[in-house]
>>> print(open('entry18.tsv').read())   # TSV, C-alpha atoms
chain	number	residue	atom	x	y	z
Z	207	MET	CA	7.23	-5.07	-3.96
Z	208	ARG	CA	3.87	-3.66	-5.05
Z	209	LYS	CA	0.86	-3.84	-2.79
Z	210	THR	CA	-2.31	-5.34	-4.28
Z	211	ALA	CA	-5.73	-3.74	-3.90
Z	212	VAL	CA	-9.02	-5.32	-4.91
Z	213	ILE	CA	-11.73	-2.73	-5.61
Z	214	ALA	CA	-15.41	-3.63	-5.90
Z	215	PHE	CA	-17.29	-1.07	-8.00
Z	216	GLY	CA	-20.87	-0.62	-6.81
Z	217	GLY	CA	-23.85	-0.29	-9.12
Z	218	ASN	CA	-23.67	3.51	-8.90
Z	219	ALA	CA	-20.29	3.33	-10.64
Z	220	LEU	CA	-22.35	2.83	-13.81
Z	221	LEU	CA	-25.92	3.83	-13.09
Z	222	ARG	CA	-26.96	6.51	-10.63
Z	223	SER	CA	-30.26	7.42	-9.04
Z	224	GLY	CA	-32.62	9.13	-11.46
Z	225	GLN	CA	-30.72	8.09	-14.57
Z	226	LYS	CA	-32.14	5.99	-17.41
Z	227	GLY	CA	-28.97	3.96	-17.94
Z	228	THR	CA	-28.10	5.22	-21.41
Z	229	TYR	CA	-24.75	4.27	-22.92
Z	230	LYS	CA	-23.51	7.86	-22.53
Z	231	GLU	CA	-24.58	8.04	-18.87
Z	232	GLN	CA	-22.88	4.77	-17.98
Z	233	LEU	CA	-19.68	5.69	-19.81
Z	234	GLU	CA	-19.45	9.05	-18.01
Z	235	ASN	CA	-20.18	7.42	-14.63
Z	236	VAL	CA	-17.48	4.81	-15.20
Z	237	LYS	CA	-14.96	7.47	-16.16
Z	238	ASP	CA	-15.69	9.42	-12.95
Z	239	THR	CA	-15.25	6.26	-10.86
Z	240	CYS	CA	-12.03	5.34	-12.64
Z	241	LYS	CA	-10.62	8.80	-11.87
Z	242	SER	CA	-10.99	8.01	-8.18
Z	243	ILE	CA	-8.59	5.04	-8.27
Z	244	VAL	CA	-5.80	6.85	-10.15
Z	245	HIS	CA	-4.05	7.82	-6.91
Z	246	LEU	CA	-3.71	4.11	-6.04
Z	247	ILE	CA	-2.27	3.44	-9.48
Z	248	LYS	CA	0.16	6.34	-9.02
Z	249	GLN	CA	1.25	4.73	-5.74
Z	250	ASP	CA	2.19	1.70	-7.86
Z	251	TYR	CA	-0.48	-0.65	-6.55
Z	252	ASN	CA	-1.46	-3.78	-8.39
Z	253	ILE	CA	-5.17	-3.28	-9.09
Z	254	ILE	CA	-7.98	-5.81	-9.49
Z	255	ILE	CA	-11.51	-4.53	-10.14
Z	256	GLY	CA	-14.78	-6.35	-9.50
Z	257	HIS	CA	-18.10	-4.76	-10.41
Z	258	GLY	CA	-21.84	-5.07	-9.93
Z	259	ASN	CA	-24.46	-5.64	-12.62
Z	260	GLY	CA	-27.77	-5.61	-10.75
Z	261	PRO	CA	-29.57	-2.96	-12.83
Z	262	GLN	CA	-27.96	-4.07	-16.09
Z	263	VAL	CA	-28.57	-7.82	-15.83
Z	264	GLY	CA	-32.20	-7.20	-14.91
Z	265	ASN	CA	-32.59	-4.95	-17.94
Z	266	VAL	CA	-31.01	-7.59	-20.19
Z	267	MET	CA	-33.41	-10.22	-18.81
Z	268	LEU	CA	-36.32	-7.90	-19.53
Z	269	GLN	CA	-35.07	-7.26	-23.08
Z	270	HIS	CA	-34.83	-10.99	-23.70
Z	271	GLU	CA	-38.32	-11.62	-22.32
Z	272	ILE	CA	-39.95	-8.86	-24.38
Z	273	THR	CA	-38.13	-9.93	-27.55
Z	274	SER	CA	-39.20	-13.55	-27.09
Z	275	ARG	CA	-42.86	-12.47	-26.84
Z	276	VAL	CA	-42.87	-10.59	-30.15
Z	277	THR	CA	-40.35	-12.60	-32.22
Z	278	ASP	CA	-39.09	-16.14	-32.63
Z	279	VAL	CA	-35.88	-15.26	-30.77
Z	280	LEU	CA	-35.78	-17.23	-27.51
Z	281	ALA	CA	-34.88	-15.64	-24.18
Z	282	MET	CA	-31.49	-16.72	-22.79
Z	283	PRO	CA	-31.03	-18.09	-19.24
Z	284	LEU	CA	-29.81	-15.90	-16.39
Z	285	ASP	CA	-26.20	-17.17	-16.40
Z	286	PHE	CA	-25.97	-16.18	-20.08
Z	287	CYS	CA	-27.34	-12.72	-19.22
Z	288	VAL	CA	-24.67	-12.38	-16.52
Z	289	SER	CA	-22.00	-13.19	-19.10
Z	290	GLU	CA	-23.46	-10.54	-21.43
Z	291	THR	CA	-23.23	-7.86	-18.76
Z	292	GLN	CA	-19.74	-8.97	-17.73
Z	293	GLY	CA	-18.59	-8.29	-21.27
Z	294	SER	CA	-20.45	-5.02	-21.78
Z	295	ILE	CA	-19.65	-3.49	-18.37
Z	296	GLY	CA	-16.06	-4.74	-18.54
Z	297	TYR	CA	-15.76	-2.99	-21.90
Z	298	LEU	CA	-17.00	0.31	-20.42
Z	299	ILE	CA	-14.63	0.08	-17.45
Z	300	GLU	CA	-11.66	-0.82	-19.63
Z	301	GLN	CA	-12.31	2.00	-22.07
Z	302	GLY	CA	-12.93	4.54	-19.33
Z	303	LEU	CA	-9.82	3.50	-17.41
Z	304	ARG	CA	-7.60	3.46	-20.50
Z	305	ASN	CA	-8.70	7.01	-21.35
Z	306	ILE	CA	-7.97	8.20	-17.81
Z	307	LEU	CA	-4.53	6.55	-17.85
Z	308	LEU	CA	-3.78	8.20	-21.19
Z	309	GLU	CA	-4.74	11.62	-19.81
Z	310	GLN	CA	-2.52	11.01	-16.76
Z	311	GLY	CA	0.44	9.77	-18.81
Z	312	ILE	CA	0.37	6.37	-17.07
Z	313	GLU	CA	1.27	3.22	-18.98
Z	314	ARG	CA	-0.63	0.18	-17.72
Z	315	ASN	CA	-2.43	-2.58	-19.57
Z	316	VAL	CA	-6.10	-3.11	-18.67
Z	317	VAL	CA	-7.42	-6.66	-19.05
Z	318	GLY	CA	-11.06	-7.73	-18.76
Z	319	LEU	CA	-11.75	-11.40	-18.02
Z	320	ILE	CA	-15.05	-13.23	-18.46
Z	321	THR	CA	-15.06	-15.05	-15.12
Z	322	GLN	CA	-16.99	-18.11	-13.98
Z	323	VAL	CA	-17.48	-18.69	-10.26
Z	324	ILE	CA	-18.29	-22.10	-8.79
Z	325	VAL	CA	-21.14	-22.36	-6.28
Z	326	ASP	CA	-22.51	-25.32	-4.33
Z	327	LYS	CA	-25.36	-26.97	-6.20
Z	328	ASN	CA	-26.94	-27.73	-2.79
Z	329	ASP	CA	-26.69	-24.15	-1.51
Z	330	PRO	CA	-30.04	-23.43	0.22
Z	331	MET	CA	-29.96	-19.88	-1.18
Z	332	LEU	CA	-30.70	-21.32	-4.62
Z	333	ALA	CA	-34.25	-21.90	-3.38
Z	334	ASN	CA	-34.57	-18.43	-1.85
Z	335	SER	CA	-34.72	-15.39	-4.15
Z	336	THR	CA	-33.13	-12.41	-2.38
Z	337	LYS	CA	-30.89	-10.56	-4.87
Z	338	PRO	CA	-32.49	-7.47	-6.48
Z	339	VAL	CA	-31.95	-7.04	-10.23
Z	340	GLY	CA	-33.25	-4.72	-12.91
Z	341	PRO	CA	-35.23	-1.49	-12.69
Z	342	TYR	CA	-37.51	-0.24	-9.92
Z	343	TYR	CA	-41.24	-0.70	-10.41
Z	344	LYS	CA	-44.28	0.96	-8.89
Z	345	GLU	CA	-46.67	-1.38	-7.12
Z	346	LYS	CA	-49.27	-1.21	-9.91
Z	347	GLN	CA	-46.57	-2.14	-12.46
Z	348	VAL	CA	-45.63	-5.18	-10.36
Z	349	THR	CA	-49.27	-6.24	-10.21
Z	350	ALA	CA	-49.54	-5.99	-14.01
Z	351	PHE	CA	-46.26	-7.88	-14.51
Z	352	LEU	CA	-47.38	-10.70	-12.22
Z	353	GLU	CA	-50.54	-11.19	-14.25
Z	354	GLU	CA	-48.31	-12.36	-17.14
Z	355	HIS	CA	-45.53	-13.89	-15.02
Z	356	PRO	CA	-47.21	-15.10	-11.80
Z	357	ASN	CA	-44.16	-16.97	-10.46
Z	358	THR	CA	-41.75	-14.02	-10.66
Z	359	PRO	CA	-40.60	-12.94	-7.17
Z	360	PHE	CA	-40.47	-9.22	-6.28
Z	361	LYS	CA	-39.43	-7.40	-3.12
Z	362	GLU	CA	-39.90	-3.82	-1.99
Z	363	ASP	CA	-36.72	-1.71	-1.85
Z	364	PRO	CA	-35.79	-0.89	1.78
Z	365	LYS	CA	-34.92	2.69	0.77
Z	366	GLY	CA	-38.42	3.29	-0.57
Z	367	ASN	CA	-37.51	3.45	-4.27
Z	368	GLY	CA	-40.18	0.95	-5.31
Z	369	TRP	CA	-40.19	-2.76	-6.10
Z	370	ARG	CA	-37.52	-4.86	-7.80
Z	371	ARG	CA	-37.34	-8.34	-9.19
Z	372	VAL	CA	-35.28	-10.73	-7.03
Z	373	VAL	CA	-33.32	-13.85	-7.97
Z	374	ALA	CA	-31.36	-16.56	-6.15
Z	375	SER	CA	-27.93	-15.54	-4.83
Z	376	PRO	CA	-25.71	-18.46	-3.71
Z	377	LYS	CA	-22.36	-18.02	-1.99
Z	378	PRO	CA	-19.25	-18.13	-4.19
Z	379	HIS	CA	-16.91	-21.05	-3.46
Z	380	SER	CA	-14.04	-20.66	-5.93
Z	381	VAL	CA	-13.08	-18.47	-8.87
Z	382	LEU	CA	-11.96	-20.12	-12.08
Z	383	ASN	CA	-8.61	-18.89	-13.40
Z	384	ILE	CA	-7.72	-17.29	-10.07
Z	385	ASP	CA	-4.04	-18.07	-10.71
Z	386	VAL	CA	-4.25	-16.26	-14.05
Z	387	ILE	CA	-5.87	-13.25	-12.35
Z	388	LYS	CA	-3.07	-13.14	-9.77
Z	389	THR	CA	-0.32	-13.56	-12.36
Z	390	LEU	CA	-1.72	-10.80	-14.56
Z	391	ALA	CA	-2.08	-8.41	-11.62
Z	392	GLU	CA	1.40	-9.12	-10.25
Z	393	ALA	CA	2.80	-8.36	-13.71
Z	394	GLY	CA	1.33	-4.85	-13.42
Z	395	ASN	CA	-1.82	-5.32	-15.46
Z	396	ILE	CA	-5.08	-3.86	-14.15
Z	397	VAL	CA	-7.51	-6.79	-14.13
Z	398	ILE	CA	-11.31	-6.57	-14.36
Z	399	THR	CA	-12.87	-9.79	-13.09
Z	400	VAL	CA	-15.89	-11.39	-11.31
Z	401	GLY	CA	-18.20	-8.93	-13.04
Z	402	GLY	CA	-21.64	-9.07	-11.46
Z	403	GLY	CA	-20.20	-11.51	-8.93
Z	404	GLY	CA	-19.08	-13.88	-11.68
Z	405	ILE	CA	-21.09	-16.22	-13.88
Z	406	PRO	CA	-22.62	-18.73	-11.42
Z	407	ILE	CA	-21.79	-22.34	-12.27
Z	408	ILE	CA	-22.03	-25.71	-10.57
Z	409	ILE	CA	-20.11	-28.93	-11.12
Z	410	ASP	CA	-22.58	-31.62	-12.20
Z	411	GLU	CA	-22.52	-35.39	-11.66
Z	412	ASN	CA	-20.19	-35.77	-14.67
Z	413	LYS	CA	-17.84	-33.12	-13.22
Z	414	HIS	CA	-18.81	-30.78	-16.05
Z	415	LEU	CA	-19.39	-27.06	-15.55
Z	416	LYS	CA	-23.00	-25.93	-15.81
Z	417	GLY	CA	-24.48	-22.44	-15.57
Z	418	ILE	CA	-27.43	-21.87	-13.24
Z	419	GLU	CA	-30.24	-19.34	-12.79
Z	420	ALA	CA	-28.70	-17.09	-10.16
Z	421	VAL	CA	-26.65	-13.96	-9.51
Z	422	ILE	CA	-23.72	-13.95	-7.06
Z	423	ASP	CA	-23.16	-10.95	-4.79
Z	424	LYS	CA	-20.33	-8.95	-6.34
Z	425	ASP	CA	-18.89	-7.77	-3.01
Z	426	LEU	CA	-18.61	-11.32	-1.66
Z	427	ALA	CA	-17.11	-12.57	-4.94
Z	428	SER	CA	-14.59	-9.70	-4.91
Z	429	ALA	CA	-13.76	-10.52	-1.27
Z	430	LEU	CA	-13.13	-14.13	-2.31
Z	431	VAL	CA	-10.75	-12.95	-5.04
Z	432	ALA	CA	-8.98	-10.71	-2.53
Z	433	VAL	CA	-8.53	-13.61	-0.10
Z	434	GLU	CA	-7.42	-16.14	-2.71
Z	435	ILE	CA	-4.72	-13.86	-4.17
Z	436	GLY	CA	-3.61	-12.53	-0.77
Z	437	ALA	CA	-4.54	-8.89	-1.44
Z	438	ASP	CA	-3.24	-6.24	0.95
Z	439	GLU	CA	-6.33	-4.03	0.78
Z	440	PHE	CA	-9.97	-4.44	-0.18
Z	441	TYR	CA	-12.19	-1.51	-1.10
Z	442	ILE	CA	-15.98	-1.63	-1.51
Z	443	LEU	CA	-17.29	1.43	-3.33
Z	444	THR	CA	-20.88	2.45	-2.69
Z	445	ASP	CA	-23.05	5.59	-2.72
Z	446	VAL	CA	-22.36	6.80	0.83
Z	447	PRO	CA	-19.04	8.01	2.32
Z	448	LYS	CA	-19.24	5.78	5.40
Z	449	VAL	CA	-21.24	2.99	6.99
Z	450	TYR	CA	-23.83	4.20	9.48
Z	451	ILE	CA	-25.73	2.79	12.40
Z	452	ASN	CA	-29.27	4.11	12.97
Z	453	PHE	CA	-29.15	5.19	9.31
Z	454	ARG	CA	-31.50	8.09	8.47
Z	455	LYS	CA	-32.65	8.34	12.08
Z	456	PRO	CA	-32.15	11.27	14.51
Z	457	ASN	CA	-29.37	9.33	16.27
Z	458	GLU	CA	-27.58	8.36	13.02
Z	459	LYS	CA	-23.86	7.77	13.54
Z	460	ALA	CA	-21.10	7.37	10.97
Z	461	LEU	CA	-18.57	4.63	11.71
Z	462	ASP	CA	-14.86	5.33	11.22
Z	463	VAL	CA	-12.94	2.23	12.36
Z	464	ILE	CA	-14.73	-0.84	13.68
Z	465	THR	CA	-13.57	-4.31	14.67
Z	466	ILE	CA	-14.91	-7.64	13.50
Z	467	GLU	CA	-16.80	-7.90	16.78
Z	468	ASP	CA	-18.37	-4.46	16.31
Z	469	ALA	CA	-19.46	-5.25	12.76
Z	470	GLU	CA	-20.96	-8.60	13.74
Z	471	ARG	CA	-22.86	-7.01	16.62
Z	472	TYR	CA	-24.28	-4.26	14.41
Z	473	LEU	CA	-25.34	-6.87	11.85
Z	474	GLU	CA	-27.11	-8.88	14.54
Z	475	GLU	CA	-28.83	-5.75	15.84
Z	476	GLY	CA	-30.22	-5.08	12.34
Z	477	HIS	CA	-28.43	-1.81	11.63
Z	478	PHE	CA	-27.52	-2.86	8.08
Z	479	VAL	CA	-30.26	-3.47	5.52
Z	480	GLU	CA	-30.35	-6.61	3.40
Z	481	GLY	CA	-29.95	-5.78	-0.29
Z	482	SER	CA	-28.00	-2.67	0.68
Z	483	MET	CA	-25.25	-2.39	3.33
Z	484	ALA	CA	-25.53	-5.82	4.99
Z	485	PRO	CA	-23.91	-7.77	2.09
Z	486	LYS	CA	-21.07	-5.24	1.96
Z	487	VAL	CA	-20.33	-5.62	5.66
Z	488	ARG	CA	-20.42	-9.42	5.33
Z	489	ALA	CA	-17.97	-9.25	2.42
Z	490	ALA	CA	-15.68	-7.01	4.46
Z	491	LEU	CA	-15.84	-9.46	7.36
Z	492	TYR	CA	-15.02	-12.37	5.08
Z	493	PHE	CA	-11.86	-10.60	3.85
Z	494	VAL	CA	-10.62	-9.57	7.30
Z	495	LYS	CA	-11.41	-12.96	8.88
Z	496	HIS	CA	-9.44	-14.76	6.17
Z	497	GLY	CA	-6.16	-12.90	6.38
Z	498	GLY	CA	-6.92	-9.41	5.09
Z	499	LYS	CA	-5.62	-6.43	7.05
Z	500	GLU	CA	-8.58	-4.10	6.56
Z	501	CYS	CA	-11.54	-3.47	4.30
Z	502	ILE	CA	-12.63	0.07	3.47
Z	503	ILE	CA	-16.26	0.82	2.56
Z	504	THR	CA	-16.76	4.27	1.05
Z	505	GLU	CA	-17.88	6.21	-2.00
Z	506	ALA	CA	-15.51	6.51	-4.96
Z	507	GLY	CA	-14.97	10.26	-4.60
Z	508	GLN	CA	-13.54	9.79	-1.10
Z	509	LEU	CA	-10.63	7.55	-2.09
Z	510	THR	CA	-8.08	10.38	-2.25
Z	511	ASN	CA	-8.73	11.01	1.46
Z	512	PRO	CA	-6.36	8.80	3.51
Z	513	ALA	CA	-8.95	8.66	6.31
Z	514	CYS	CA	-11.86	7.87	4.00
Z	515	GLY	CA	-14.73	5.54	4.65
Z	516	THR	CA	-15.46	2.96	7.29
Z	517	ARG	CA	-12.55	0.63	7.99
Z	518	ILE	CA	-13.24	-2.88	9.26
Z	519	VAL	CA	-10.22	-4.35	11.03
Z	520	ILE	CA	-9.33	-7.29	13.27
Z	521	ASN	CA	-8.89	-5.02	16.29
Z	522	ASN	CA	-8.27	-1.31	16.90
>>> encode(input="entry18.tsv", output="structure tokens")
Amino acid sequence: MRKTAVIAFGGNALLRSGQKGTYKEQLENVKDTCKSIVHLIKQDYNIIIGHGNGPQVGNVMLQHEITSRVTDVLAMPLDFCVSETQGSIGYLIEQGLRNILLEQGIERNVVGLITQVIVDKNDPMLANSTKPVGPYYKEKQVTAFLEEHPNTPFKEDPKGNGWRRVVASPKPHSVLNIDVIKTLAEAGNIVITVGGGGIPIIIDENKHLKGIEAVIDKDLASALVAVEIGADEFYILTDVPKVYINFRKPNEKALDVITIEDAERYLEEGHFVEGSMAPKVRAALYFVKHGGKECIITEAGQLTNPACGTRIVINN
């Protein structure tokens, strides 16, 4: 019986530091990331891929806003922008992966699903903008932007890259069509789902689905998928080979294998930055606490190393 792995592609799978985010750049980045998961496919794993959209959805929002100022075309709401990026990024991943499989002589279908994710309409995070989206801005650019859009929240990047727009980020509660996702994966299809964390929706007073102005964390949404389908392994791909404590300090230390208790203690001590590693560690904890064996956080190029990354487990 095949094992199932859920793999969350980080934003650097498509857009890397210093790049402009051109179509060609994103396609090449996706292809490189897809190469890294071939060894899991060769080991006959069932594969489910989640992916981020932070830079892309912010850029789409900006495109809509600029277009609406100079034409009669109205800007679309954030949930619609998330659906746009799900489709476009899913297309890039599917094409890149299909080309890699062809080169490797591997026959697998690749299926991209536009996925809605239900959140609680009373989630307090809906009133608290924390999720960075879009490009980085210099402080003077933020000041100029706020003159036209005074109610737009921005936060400074903890890594010193500048300022980014932030939006609400509620917790995911359930993934629509999760049974379809599981069935497709168990049949050997590679499934791309919960892109950008999924399109955030609530159930209104009439029990109808309704999109909301928010972006769900893609790692937490991918962890939810992994739990709900009973995945064997959960990988979170990022831009560093391991998780560190005292990151970028003289006493920096890479973590190899840590328990739930270790991870929770490091979170409480503030070793992991919000908007960076903290959400990834929380997603890993969610998976392991809800039946998962281990979660591996690493960069894509390390996946061929059997001892790669930081592994979060129940106990050593």
>>> atom_distance(input="entry18.tsv", atom1="atom CA of Z:Glu419", atom2="atom CA of Z:Gly401")
15.9 Å
>>> residues_around(input="entry18.tsv", residues="Z:Arg517", least_positions_apart="5", cutoff="9 Å", atoms="only C-alpha atoms", output="ChimeraX atom specification")
/Z:448,461-465,490,500-504
>>> residues_around(input="entry18.tsv", residues="stretch 235-240 of chain Z", least_positions_apart="5", cutoff="7 Å", atoms="all atoms listed in the file", output="MDAnalysis selection string")
chainID Z and resid 219:221 298:299 302:303 506
>>> closest_residue(input="entry18.tsv", among="Z:His414, Z:Val263, Z:Asn367, Z:Ile387", to="Z:Gly224", atoms="all atoms listed in the file")
Z:Asn367
>>> atom_distance(input="entry18.tsv", atom1="atom CA of Z:Val397", atom2="atom CA of Z:Val381")
14.0 Å
>>> atom_distance(input="entry18.tsv", atom1="atom CA of Z:Lys377", atom2="atom CA of Z:Ala460")
28.5 Å
>>> residues_around(input="entry18.tsv", residues="Z:Thr399", least_positions_apart="2", cutoff="10 Å", atoms="only C-alpha atoms", output="PyMOL selection string")
chain Z and resi 214+254-257+292+296+317-322+381+384+387+396-397+401-404+427-428+431
